[in-house]
Structure formats: C-alpha cells, structure tokens
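Have a look at protein.tsv below; it lists TSV, C-alpha atoms.
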chain	number	residue	atom	x	y	z
A	1	MET	CA	112.49	101.91	118.11
A	2	VAL	CA	111.19	99.82	115.22
A	3	GLY	CA	110.15	101.96	112.25
A	4	SER	CA	112.22	104.88	113.48
A	5	GLU	CA	112.47	106.66	110.13
A	6	GLY	CA	108.75	107.09	109.60
A	7	TYR	CA	106.72	110.23	110.16
A	8	ILE	CA	105.90	109.42	113.78
A	9	GLY	CA	109.17	107.64	114.54
A	10	GLN	CA	111.32	110.65	113.66
A	11	ALA	CA	109.25	112.89	115.93
A	12	LEU	CA	109.36	110.37	118.77
A	13	THR	CA	113.15	110.08	118.46
A	14	ALA	CA	113.51	113.85	118.53
A	15	ARG	CA	111.36	114.09	121.67
A	16	LEU	CA	113.41	111.40	123.43
A	17	LEU	CA	116.65	113.13	122.52
A	18	ALA	CA	115.20	116.38	123.89
A	19	GLY	CA	114.93	114.72	127.28
A	20	ALA	CA	111.45	113.20	127.48
A	21	PRO	CA	111.42	110.47	130.16
A	22	VAL	CA	110.34	107.02	129.02
A	23	ALA	CA	108.84	103.91	130.60
A	24	GLY	CA	108.18	105.47	133.97
A	25	SER	CA	111.73	106.71	134.53
A	26	THR	CA	112.47	110.18	135.85
A	27	GLY	CA	115.31	110.91	133.44
A	28	PRO	CA	115.98	110.88	129.68
A	29	ALA	CA	116.89	107.79	127.67
A	30	GLN	CA	120.54	106.81	127.95
A	31	GLN	CA	120.58	105.06	124.57
A	32	ILE	CA	118.14	104.96	121.67
A	33	THR	CA	118.40	102.23	119.06
A	34	ARG	CA	116.81	103.12	115.73
A	35	LEU	CA	115.77	100.26	113.45
A	36	ASP	CA	114.41	100.67	109.95
A	37	VAL	CA	114.85	99.14	106.52
A	38	HIS	CA	116.43	102.36	105.24
A	39	MET	CA	118.10	104.80	107.61
A	40	GLY	CA	118.19	108.54	107.02
A	41	ALA	CA	121.06	110.85	107.85
A	42	PRO	CA	123.54	109.52	110.42
A	43	ALA	CA	122.68	110.57	113.95
A	44	SER	CA	124.86	113.28	115.44
A	45	ASP	CA	123.94	112.37	119.02
A	46	ALA	CA	126.18	109.80	120.70
A	47	ARG	CA	123.14	108.30	122.45
A	48	VAL	CA	121.71	107.08	119.14
A	49	ARG	CA	122.57	103.66	117.76
A	50	SER	CA	121.32	102.86	114.26
A	51	VAL	CA	120.53	99.44	112.81
A	52	GLU	CA	119.52	99.25	109.15
A	53	GLY	CA	117.74	96.17	107.93
A	54	ASP	CA	114.54	94.21	107.48
A	55	ILE	CA	112.66	93.66	110.72
A	56	GLY	CA	111.61	90.31	109.31
A	57	ASP	CA	115.25	89.21	109.57
A	58	ARG	CA	115.87	87.61	112.97
A	59	ASN	CA	119.57	88.51	112.81
A	60	VAL	CA	118.65	92.18	112.39
A	61	LEU	CA	116.25	92.01	115.33
A	62	ASN	CA	118.83	90.29	117.52
A	63	LEU	CA	121.37	92.96	116.63
A	64	ALA	CA	118.89	95.71	117.51
A	65	ILE	CA	118.14	94.31	120.98
A	66	ALA	CA	121.69	93.17	121.75
A	67	GLY	CA	122.83	94.39	125.14
A	68	GLY	CA	119.28	94.61	126.46
A	69	VAL	CA	116.34	96.96	126.05
A	70	ASP	CA	113.98	98.51	128.58
A	71	CYS	CA	111.30	99.80	126.20
A	72	VAL	CA	110.43	99.13	122.56
A	73	PHE	CA	108.23	101.29	120.33
A	74	HIS	CA	106.94	99.21	117.39
A	75	LEU	CA	105.88	101.73	114.73
A	76	ALA	CA	106.79	99.83	111.56
A	77	SER	CA	104.00	99.10	109.09
A	78	ILE	CA	102.91	98.99	105.48
A	79	PRO	CA	99.99	101.47	105.28
A	80	ALA	CA	96.50	100.47	104.28
A	81	GLY	CA	96.58	101.46	100.61
A	82	ALA	CA	99.90	99.73	99.96
A	83	ALA	CA	98.86	96.66	101.96
A	84	GLU	CA	95.76	96.32	99.78
A	85	LYS	CA	97.85	96.48	96.61
A	86	ASN	CA	100.51	94.07	97.86
A	87	PHE	CA	99.00	91.52	100.21
A	88	GLU	CA	102.22	89.55	100.70
A	89	LEU	CA	104.22	92.64	101.70
A	90	GLY	CA	101.52	93.81	104.10
A	91	LEU	CA	101.33	90.37	105.69
A	92	LYS	CA	105.11	90.19	106.04
A	93	VAL	CA	105.58	93.61	107.63
A	94	ASN	CA	102.32	94.19	109.49
A	95	LEU	CA	101.92	90.71	110.94
A	96	GLN	CA	104.87	88.36	110.52
A	97	ALA	CA	107.43	90.98	111.56
A	98	THR	CA	105.37	91.69	114.68
A	99	ILE	CA	105.48	87.99	115.53
A	100	ASP	CA	109.23	87.92	114.87
A	101	LEU	CA	109.78	90.94	117.14
A	102	LEU	CA	107.72	89.42	119.93
A	103	GLU	CA	109.62	86.15	119.64
A	104	ALA	CA	112.99	87.89	119.68
A	105	LEU	CA	112.00	89.74	122.84
A	106	ARG	CA	110.59	86.58	124.45
A	107	LEU	CA	113.75	84.60	123.79
A	108	ALA	CA	115.92	87.45	125.09
A	109	GLY	CA	114.07	87.05	128.40
A	110	GLN	CA	114.19	90.68	129.57
A	111	ARG	CA	110.44	91.49	129.54
A	112	PRO	CA	110.71	95.06	128.22
A	113	ARG	CA	107.78	97.41	127.88
A	114	LEU	CA	106.48	97.27	124.32
A	115	VAL	CA	104.29	99.98	122.78
A	116	PHE	CA	102.57	98.74	119.62
A	117	ALA	CA	101.15	101.23	117.11
A	118	SER	CA	97.76	99.84	116.11
A	119	THR	CA	95.06	101.66	114.15
A	120	ILE	CA	91.42	102.69	114.12
A	121	GLY	CA	91.35	100.71	110.85
A	122	ILE	CA	90.51	97.68	112.97
A	123	TYR	CA	86.88	98.85	113.04
A	124	GLY	CA	86.32	98.68	109.30
A	125	VAL	CA	83.42	100.21	107.40
A	126	PRO	CA	80.59	100.85	107.66
A	127	MET	CA	81.07	101.89	111.26
A	128	PRO	CA	78.33	101.71	113.91
A	129	GLN	CA	76.59	104.88	115.11
A	130	LEU	CA	78.92	105.10	118.11
A	131	ILE	CA	82.37	103.69	118.83
A	132	ASP	CA	83.49	103.18	122.39
A	133	GLU	CA	85.99	100.97	124.15
A	134	GLN	CA	83.65	97.96	124.00
A	135	THR	CA	83.03	98.14	120.23
A	136	VAL	CA	83.98	94.84	118.58
A	137	PRO	CA	86.51	95.33	115.74
A	138	GLU	CA	85.41	94.21	112.27
A	139	PRO	CA	88.26	95.21	109.93
A	140	SER	CA	87.37	95.62	106.28
A	141	LEU	CA	90.94	96.00	104.96
A	142	SER	CA	93.95	93.70	105.32
A	143	TYR	CA	95.86	96.41	107.21
A	144	GLY	CA	93.19	96.57	109.92
A	145	ALA	CA	93.02	92.78	110.16
A	146	GLN	CA	96.80	92.48	110.52
A	147	LYS	CA	96.95	95.17	113.20
A	148	TYR	CA	94.08	93.62	115.13
A	149	ILE	CA	95.91	90.28	115.20
A	150	GLY	CA	98.95	92.20	116.45
A	151	GLU	CA	96.88	93.58	119.35
A	152	ILE	CA	95.78	90.09	120.32
A	153	LEU	CA	99.37	88.87	120.27
A	154	ILE	CA	100.54	91.83	122.39
A	155	ALA	CA	97.89	90.97	124.96
A	156	ASP	CA	98.80	87.28	124.98
A	157	TYR	CA	102.55	87.85	125.28
A	158	GLY	CA	101.75	90.32	128.05
A	159	ARG	CA	99.53	87.80	129.84
A	160	ARG	CA	102.35	85.28	129.77
A	161	GLY	CA	104.89	87.82	131.04
A	162	PHE	CA	107.10	87.71	127.94
A	163	VAL	CA	106.75	91.46	127.37
A	164	ASP	CA	104.90	94.26	129.16
A	165	GLY	CA	102.87	95.23	126.12
A	166	ARG	CA	100.47	98.06	125.34
A	167	ALA	CA	98.68	98.69	122.03
A	168	VAL	CA	97.58	102.17	120.96
A	169	ARG	CA	94.82	102.52	118.35
A	170	ILE	CA	95.95	105.53	116.34
A	171	PRO	CA	93.54	107.77	114.36
A	172	GLY	CA	94.37	109.93	111.34
A	173	ILE	CA	97.62	111.77	112.13
A	174	VAL	CA	98.20	115.13	110.47
A	175	ALA	CA	99.86	116.74	108.63
A	176	ARG	CA	102.02	114.10	106.99
A	177	PRO	CA	104.38	115.09	104.16
A	178	PRO	CA	103.29	114.02	100.65
A	179	THR	CA	103.76	110.27	100.29
A	180	SER	CA	102.14	107.30	98.65
A	181	GLY	CA	100.40	104.31	100.19
A	182	MET	CA	98.04	106.03	102.63
A	183	LEU	CA	94.40	106.20	101.65
A	184	SER	CA	93.87	108.97	104.23
A	185	MET	CA	96.66	111.18	102.87
A	186	PHE	CA	94.15	113.81	101.78
A	187	LEU	CA	93.50	114.70	105.45
A	188	SER	CA	97.07	115.94	105.75
A	189	ASP	CA	97.09	117.50	102.28
A	190	LEU	CA	94.00	119.54	103.20
A	191	ILE	CA	95.65	121.29	106.15
A	192	ARG	CA	99.09	121.66	104.63
A	193	GLU	CA	97.94	123.05	101.27
A	194	LEU	CA	95.38	125.50	102.63
A	195	ALA	CA	97.76	126.79	105.32
A	196	ALA	CA	100.41	127.36	102.64
A	197	GLY	CA	98.05	129.53	100.59
A	198	ARG	CA	97.37	126.93	97.91
A	199	SER	CA	94.05	125.62	96.60
A	200	PHE	CA	92.85	122.15	97.47
A	201	ARG	CA	90.38	119.80	95.80
A	202	CYS	CA	88.96	117.65	98.57
A	203	PRO	CA	87.97	114.06	97.71
A	204	VAL	CA	85.27	113.88	100.40
A	205	ALA	CA	82.34	116.17	101.18
A	206	ALA	CA	82.47	119.14	103.56
A	207	ASP	CA	80.25	117.33	106.07
A	208	ALA	CA	82.51	114.25	106.13
A	209	ALA	CA	83.25	113.50	109.80
A	210	CYS	CA	86.72	112.16	110.69
A	211	TRP	CA	88.87	111.61	113.77
A	212	TRP	CA	91.93	113.85	114.00
A	213	MET	CA	95.16	114.03	115.98
A	214	SER	CA	98.42	115.94	115.40
A	215	ARG	CA	101.85	114.34	115.33
A	216	PRO	CA	103.00	116.05	118.56
A	217	CYS	CA	99.85	114.77	120.26
A	218	ILE	CA	100.36	111.14	119.23
A	219	VAL	CA	103.99	111.36	120.37
A	220	ASP	CA	102.70	112.57	123.76
A	221	ASN	CA	100.37	109.60	123.88
A	222	LEU	CA	102.97	107.02	122.83
A	223	LEU	CA	105.31	108.22	125.57
A	224	HIS	CA	102.42	108.10	128.01
A	225	ALA	CA	101.58	104.54	126.91
A	226	ALA	CA	105.13	103.52	127.77
A	227	ALA	CA	104.94	105.19	131.18
A	228	ILE	CA	101.62	103.93	132.53
A	229	GLY	CA	101.85	101.44	135.36
A	230	PRO	CA	100.68	97.82	135.73
A	231	GLU	CA	97.55	98.83	137.62
A	232	ILE	CA	96.23	100.47	134.43
A	233	VAL	CA	97.15	97.75	131.93
A	234	ALA	CA	95.76	95.13	134.28
A	235	SER	CA	92.28	95.92	132.94
A	236	GLY	CA	93.36	95.76	129.31
A	237	ARG	CA	96.45	96.39	127.20
A	238	THR	CA	94.74	98.15	124.28
A	239	PHE	CA	93.85	101.84	124.31
A	240	LEU	CA	91.69	103.74	121.80
A	241	MET	CA	93.01	107.29	121.52
A	242	PRO	CA	90.68	110.20	122.41
A	243	ALA	CA	90.87	111.86	119.01
A	244	LEU	CA	88.96	115.02	118.09
A	245	ARG	CA	85.96	114.34	115.87
A	246	ALA	CA	85.36	117.06	113.28
A	247	THR	CA	84.03	117.48	109.77
A	248	ILE	CA	86.21	118.55	106.89
A	249	GLY	CA	84.34	121.85	106.84
A	250	GLU	CA	85.13	122.44	110.51
A	251	ILE	CA	88.84	121.81	109.89
A	252	VAL	CA	88.74	124.22	106.96
A	253	GLY	CA	87.08	126.78	109.24
A	254	ALA	CA	89.74	126.34	111.92
A	255	THR	CA	92.45	126.75	109.29
A	256	ALA	CA	90.74	129.93	108.09
A	257	ASN	CA	90.65	131.26	111.65
A	258	LEU	CA	94.42	130.92	111.75
A	259	TYR	CA	95.44	131.79	108.19
A	260	GLY	CA	92.72	134.16	106.97
A	261	ARG	CA	89.22	133.94	105.54
A	262	GLN	CA	90.63	133.61	102.01
A	263	VAL	CA	91.22	129.95	102.90
A	264	LEU	CA	87.49	129.40	102.42
A	265	GLU	CA	87.80	130.43	98.77
A	266	ARG	CA	90.59	127.94	98.02
A	267	ILE	CA	88.67	124.77	98.83
A	268	GLU	CA	86.45	122.79	96.46
A	269	TYR	CA	84.81	119.43	97.02
A	270	ALA	CA	84.80	116.52	94.58
A	271	PRO	CA	83.81	113.41	96.61
A	272	ASP	CA	85.34	110.11	95.57
A	273	ALA	CA	82.96	107.23	96.33
A	274	LYS	CA	85.66	104.92	97.71
A	275	LEU	CA	87.22	107.52	100.01
A	276	GLN	CA	83.81	108.83	101.03
A	277	ALA	CA	82.81	105.33	102.14
A	278	GLN	CA	86.06	104.73	104.01
A	279	PHE	CA	86.64	108.08	105.70
A	280	ALA	CA	83.52	110.26	105.66
A	281	ASN	CA	81.38	108.72	108.37
A	282	TYR	CA	83.37	108.42	111.56
A	283	PRO	CA	80.84	108.32	114.42
A	284	PRO	CA	81.04	109.93	117.87
A	285	LEU	CA	83.83	108.49	119.99
A	286	ARG	CA	83.66	107.70	123.72
A	287	VAL	CA	86.84	106.65	125.51
A	288	PRO	CA	86.43	107.18	129.28
A	289	ARG	CA	89.01	104.50	130.14
A	290	ALA	CA	91.69	106.09	127.93
A	291	LEU	CA	90.93	109.54	129.35
A	292	ALA	CA	91.06	108.23	132.89
A	293	ALA	CA	94.41	106.63	132.07
A	294	GLY	CA	95.76	110.05	131.04
A	295	PHE	CA	95.66	109.93	127.24
A	296	LYS	CA	94.78	113.25	125.57
A	297	ASN	CA	93.70	114.93	122.33
A	298	ASP	CA	94.76	118.29	120.88
A	299	GLY	CA	92.09	120.22	122.76
A	300	THR	CA	90.74	122.52	120.03
A	301	LEU	CA	90.65	122.38	116.25
A	302	GLU	CA	92.82	125.50	115.99
A	303	ARG	CA	95.44	123.89	118.23
A	304	LEU	CA	95.20	120.72	116.15
A	305	VAL	CA	95.98	122.69	112.98
A	306	GLN	CA	98.83	124.57	114.66
A	307	ARG	CA	100.44	121.42	116.06
A	308	ALA	CA	99.88	119.53	112.80
A	309	LEU	CA	102.16	122.01	111.03
A	310	GLU	CA	104.93	122.00	113.65
A	311	LYS	CA	108.38	121.05	112.35
A	312	LEU	CA	110.80	118.77	114.17
Take the structure in this file and express it as structure tokens.
Amino acid sequence: MVGSEGYIGQALTARLLAGAPVAGSTGPAQQITRLDVHMGAPASDARVRSVEGDIGDRNVLNLAIAGGVDCVFHLASIPAGAAEKNFELGLKVNLQATIDLLEALRLAGQRPRLVFASTIGIYGVPMPQLIDEQTVPEPSLSYGAQKYIGEILIADYGRRGFVDGRAVRIPGIVARPPTSGMLSMFLSDLIRELAAGRSFRCPVAADAACWWMSRPCIVDNLLHAAAIGPEIVASGRTFLMPALRATIGEIVGATANLYGRQVLERIEYAPDAKLQAQFANYPPLRVPRALAAGFKNDGTLERLVQRALEKL
C-alpha cells in the first residue's frame, strides 16, 4: 500500500488486518506492505511489513514490491492546496511517482491489480450543470491535472497488460483530522466541530452543494475496486464514486438530528470567494455504471455523519 500512513491508508490497513478479503480472494491478506515517506508506530501484527522512504526512489519501490505483490493500493499524493503552493513537489509526488510505480510494477512482470486513488478535482471549476460518467475532465488545478494524467497512464498500462489497473475518482472524504494542505478541509471541520459541541464559522454559504463520502465508505469502495472482475473493467478502468450530494445546510441539519438542535445555533456563515467558487456548486451526479458495478455511498446524511466520526 503506497501512502499507507495517510487518513484513508490507515483505515484501509486496519480493515485488511481485520480480515477483509482483497482482489477477489475469499480470505484475508497474508501480508501487507506499508510504504510511506514517514512511518507511524511500528506495526504489532506479524503480517505487516513496513518500508519507509520516498516513492520517487526506485530502490524504495523495488524494496516494497520485492517477493511479489498481488494487489497495490496507490493512495499517495500531495493535496490540492499544497500542490498549488509547491508545483515541483506536486509534480514529483502526484505524477512522477505514479510513473515510477507503474514502471517498477511493469519491470517486475507480475501484473498485479492496482487501485489508483484519483479525484473529482479532475473536473475543475466551474462545473457543468450535471456530471455523469461521460463528462470530459477539465482540471483547473495542478492536482486535478496530475491525477487525470495518472488515470490515463493506469488505463494504458492496463491495456498493455502490465498491470490490472483501476482508478477511483474520490469525492470529499469526511471527517479528516485537522491538517494543512487541503482546500476542502472545512468540510471535515464542519462535522467534527459541530458534533463535538463547538461553534463553527463556515467559509461557504449554507446553500453550497458538495459531494460527500465517509472514510469507511471510501474504504469499502477501494476494496470493491480491487475485487471487481475483468468483465467490468473491460468497459473502462475509471470509476466515479456515487457520492451523496448535499448542501452545507443539509449536513448541519443531519448533524443536529444526531447531536441536538443546539447545533443549529453554533453555525455561522462567512463565505470566502475562492472556496465558494471551488466547492459551493457541485452539480447533480449520475453514475449508473459505478452503481451497476457495485460501488456505494453512505445511504443517508445521518449515516454519513455517523460514519464520518467513526474511529479506527
């Protein structure tokens, strides 16, 4: 797993260690290799192998895949805000490291399944009135452009039989812990702060429409992406996730349904023009192919909020 120490990577590792089958198998993973530039606490499970290093270093990649791999989850990235501030770093991690990983896997000659974490940022802003699975990406940030190129490479390496790749376009995942670098961090802050009984000053308007998915839900979908068979990826290796579309006000209302009506008194709105333009106008979403393939959303807004606050 590349990018194992991130918010999604840690949850995916925990699910695999709990016995979730992967890549179409009927049993749990026998060994999990974690790869990240900085590793957290040493793993207590004997099935976990940890490799610390830069994924742009071919020696590190070769060490991580030594002995063979059946399935790779590529979750590593520099988020949009940080990639805008540091173009060279974003290019190195979001694009060049993806190329390096694909090349390492090609040269190893084992054709593993590869699940690539892409983003809805490939669509850019302003968005059209509807987004479906035929909408042409027009990224407006470097992060989205780099991820879109990654999708194209996954498809091409898959076409050639070097890897069995699948790309998953991920929406806003909540509720992330406080961190820097993510322009959409306020979506997580909103849920976490209000649920904890604290006030929140929201940088977009109450009627701002966004796409939402909890961390447990995206882990479900990543595992599903690894498991789907060749008959499904034959029609395309990229999948847009069936996120829930809801306004900020609707999420606040769902949080109030769970944590008390006083939540409604702890929210104020102070729209920021930049964030409003980037995140406030997500259109309706239609993904019949992804739904038919078995990908899912959280179901209801209340369940979204509940799952967003689940601990590992």
Listed atoms of segment 247-251 of chain A, axis-aligned box, 6 Å per side: centre and edge lengths to one decimal in Å, as lines of an AutoDock Vina configuration file?
center_x = 86.4
center_y = 120.0
center_z = 108.7
size_x = 16.8
size_y = 17.0
size_z = 15.7
Next on the checklist: Applying 12 Å and only C-alpha atoms, which residues near segment 248-263 of chain A remain after dropping the ones on its own chain fewer than 6 positions away? List them as JSON, numbers by chain.
Outcome noted: {"A": [174, 186, 187, 188, 189, 190, 191, 192, 193, 194, 195, 196, 197, 198, 199, 200, 201, 202, 203, 204, 205, 206, 207, 208, 209, 210, 211, 212, 213, 269, 271, 276, 279, 280, 281, 282, 300, 301, 302, 303, 304, 305, 306, 307, 308, 309]}
Item to check | Best match for closeness to Phe87 of chain A among A:Ile131, A:Ala145, A:Leu153, A:Ile8, counting only C-alpha atoms | outcome: A:Ala145
Next on the checklist: List as a ChimeraX atom specification the protein and nucleic acid residues near segment 51-64 of chain A, meaning an atom at most 12 Å away when only C-alpha atoms are counted, but skip any in the same chain fewer than 3 places from it.
Outcome noted: /A:1-5,31-43,48,67-69,72,74-77,89-108
Item to check | Separation of atom CA of Lys311 of chain A from atom CA of Ile173 of chain A, in Å and rounded to one decimal | outcome: 14.2 Å
Next on the checklist: Please list as a PyMOL selection string every residue within 7 Å of Ala80 of chain A, counting all atoms listed in the file and excluding residues in the same chain fewer than 3 positions away.
Outcome noted: chain A and resi 83-84+143+181-183
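Atom pair atom CA of Phe239 of chain A / atom CA of Arg166 of chain A: separated by 7.7 Å.
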Checklist entry - Do you have the atom CA of Pro139 of chain A-atom CA of Arg169 of chain A distance handy? => result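 Going from atom CA of Pro139 of chain A over to atom CA of Arg169 of chain A, I get 12.9 Å.
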Checklist entry - For Arg159 of chain A, which residue among A:Leu12, A:Val136, A:Ala234, A:Met127 is the nearest when counting only C-alpha atoms? => result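 Comparing A:Leu12, A:Val136, A:Ala234, A:Met127 against Arg159 of chain A, the winner is A:Ala234.
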Next on the checklist: Counting all atoms listed in the file, I want the residues whose atoms come within 6 Å of (101.7, 99.3, 119.1) in the file frame, returned as number ranges by chain.
Outcome noted: A: 74, 115-118, 167-168
Which residues come within 12 Å of Gly165 of chain A, counting all atoms listed in the file, excluding same-chain residues fewer than 4 positions away, as an mmCIF file with C-alpha atoms, in the frame of the given file?
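This is the output file around-v6.cif:
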data_model
loop_
_atom_site.group_PDB
_atom_site.id
_atom_site.type_symbol
_atom_site.label_atom_id
_atom_site.label_comp_id
_atom_site.auth_asym_id
_atom_site.auth_seq_id
_atom_site.Cartn_x
_atom_site.Cartn_y
_atom_site.Cartn_z
ATOM 1 C CA ALA A 23 108.840 103.910 130.600
ATOM 2 C CA ASP A 70 113.980 98.510 128.580
ATOM 3 C CA CYS A 71 111.300 99.800 126.200
ATOM 4 C CA VAL A 72 110.430 99.130 122.560
ATOM 5 C CA PHE A 73 108.230 101.290 120.330
ATOM 6 C CA HIS A 74 106.940 99.210 117.390
ATOM 7 C CA LEU A 102 107.720 89.420 119.930
ATOM 8 C CA LEU A 105 112.000 89.740 122.840
ATOM 9 C CA ARG A 106 110.590 86.580 124.450
ATOM 10 C CA ARG A 111 110.440 91.490 129.540
ATOM 11 C CA PRO A 112 110.710 95.060 128.220
ATOM 12 C CA ARG A 113 107.780 97.410 127.880
ATOM 13 C CA LEU A 114 106.480 97.270 124.320
ATOM 14 C CA VAL A 115 104.290 99.980 122.780
ATOM 15 C CA PHE A 116 102.570 98.740 119.620
ATOM 16 C CA ALA A 117 101.150 101.230 117.110
ATOM 17 C CA GLY A 150 98.950 92.200 116.450
ATOM 18 C CA GLU A 151 96.880 93.580 119.350
ATOM 19 C CA ILE A 152 95.780 90.090 120.320
ATOM 20 C CA LEU A 153 99.370 88.870 120.270
ATOM 21 C CA ILE A 154 100.540 91.830 122.390
ATOM 22 C CA ALA A 155 97.890 90.970 124.960
ATOM 23 C CA ASP A 156 98.800 87.280 124.980
ATOM 24 C CA TYR A 157 102.550 87.850 125.280
ATOM 25 C CA GLY A 158 101.750 90.320 128.050
ATOM 26 C CA ARG A 159 99.530 87.800 129.840
ATOM 27 C CA ARG A 160 102.350 85.280 129.770
ATOM 28 C CA GLY A 161 104.890 87.820 131.040
ATOM 29 C CA ALA A 225 101.580 104.540 126.910
ATOM 30 C CA ALA A 226 105.130 103.520 127.770
ATOM 31 C CA ALA A 227 104.940 105.190 131.180
ATOM 32 C CA ILE A 228 101.620 103.930 132.530
ATOM 33 C CA GLY A 229 101.850 101.440 135.360
ATOM 34 C CA PRO A 230 100.680 97.820 135.730
ATOM 35 C CA ILE A 232 96.230 100.470 134.430
ATOM 36 C CA VAL A 233 97.150 97.750 131.930
ATOM 37 C CA ALA A 234 95.760 95.130 134.280
ATOM 38 C CA GLY A 236 93.360 95.760 129.310
ATOM 39 C CA ARG A 237 96.450 96.390 127.200
ATOM 40 C CA THR A 238 94.740 98.150 124.280
ATOM 41 C CA PHE A 239 93.850 101.840 124.310
#
Next on the checklist: I'd like the contact shell of Gly121 of chain A - 10 Å cut-off, all atoms listed in the file, skipping same-chain residues fewer than 3 positions apart - returned as a VMD selection string.
Outcome noted: chain A and resid 80 118 124 to 125 137 to 148 169 to 172 278
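If all atoms listed in the file are the atoms counted, then among A:Pro284, A:Ile149, A:Gly27, A:Val22 the closest residue to Thr247 of chain A is A:Pro284.
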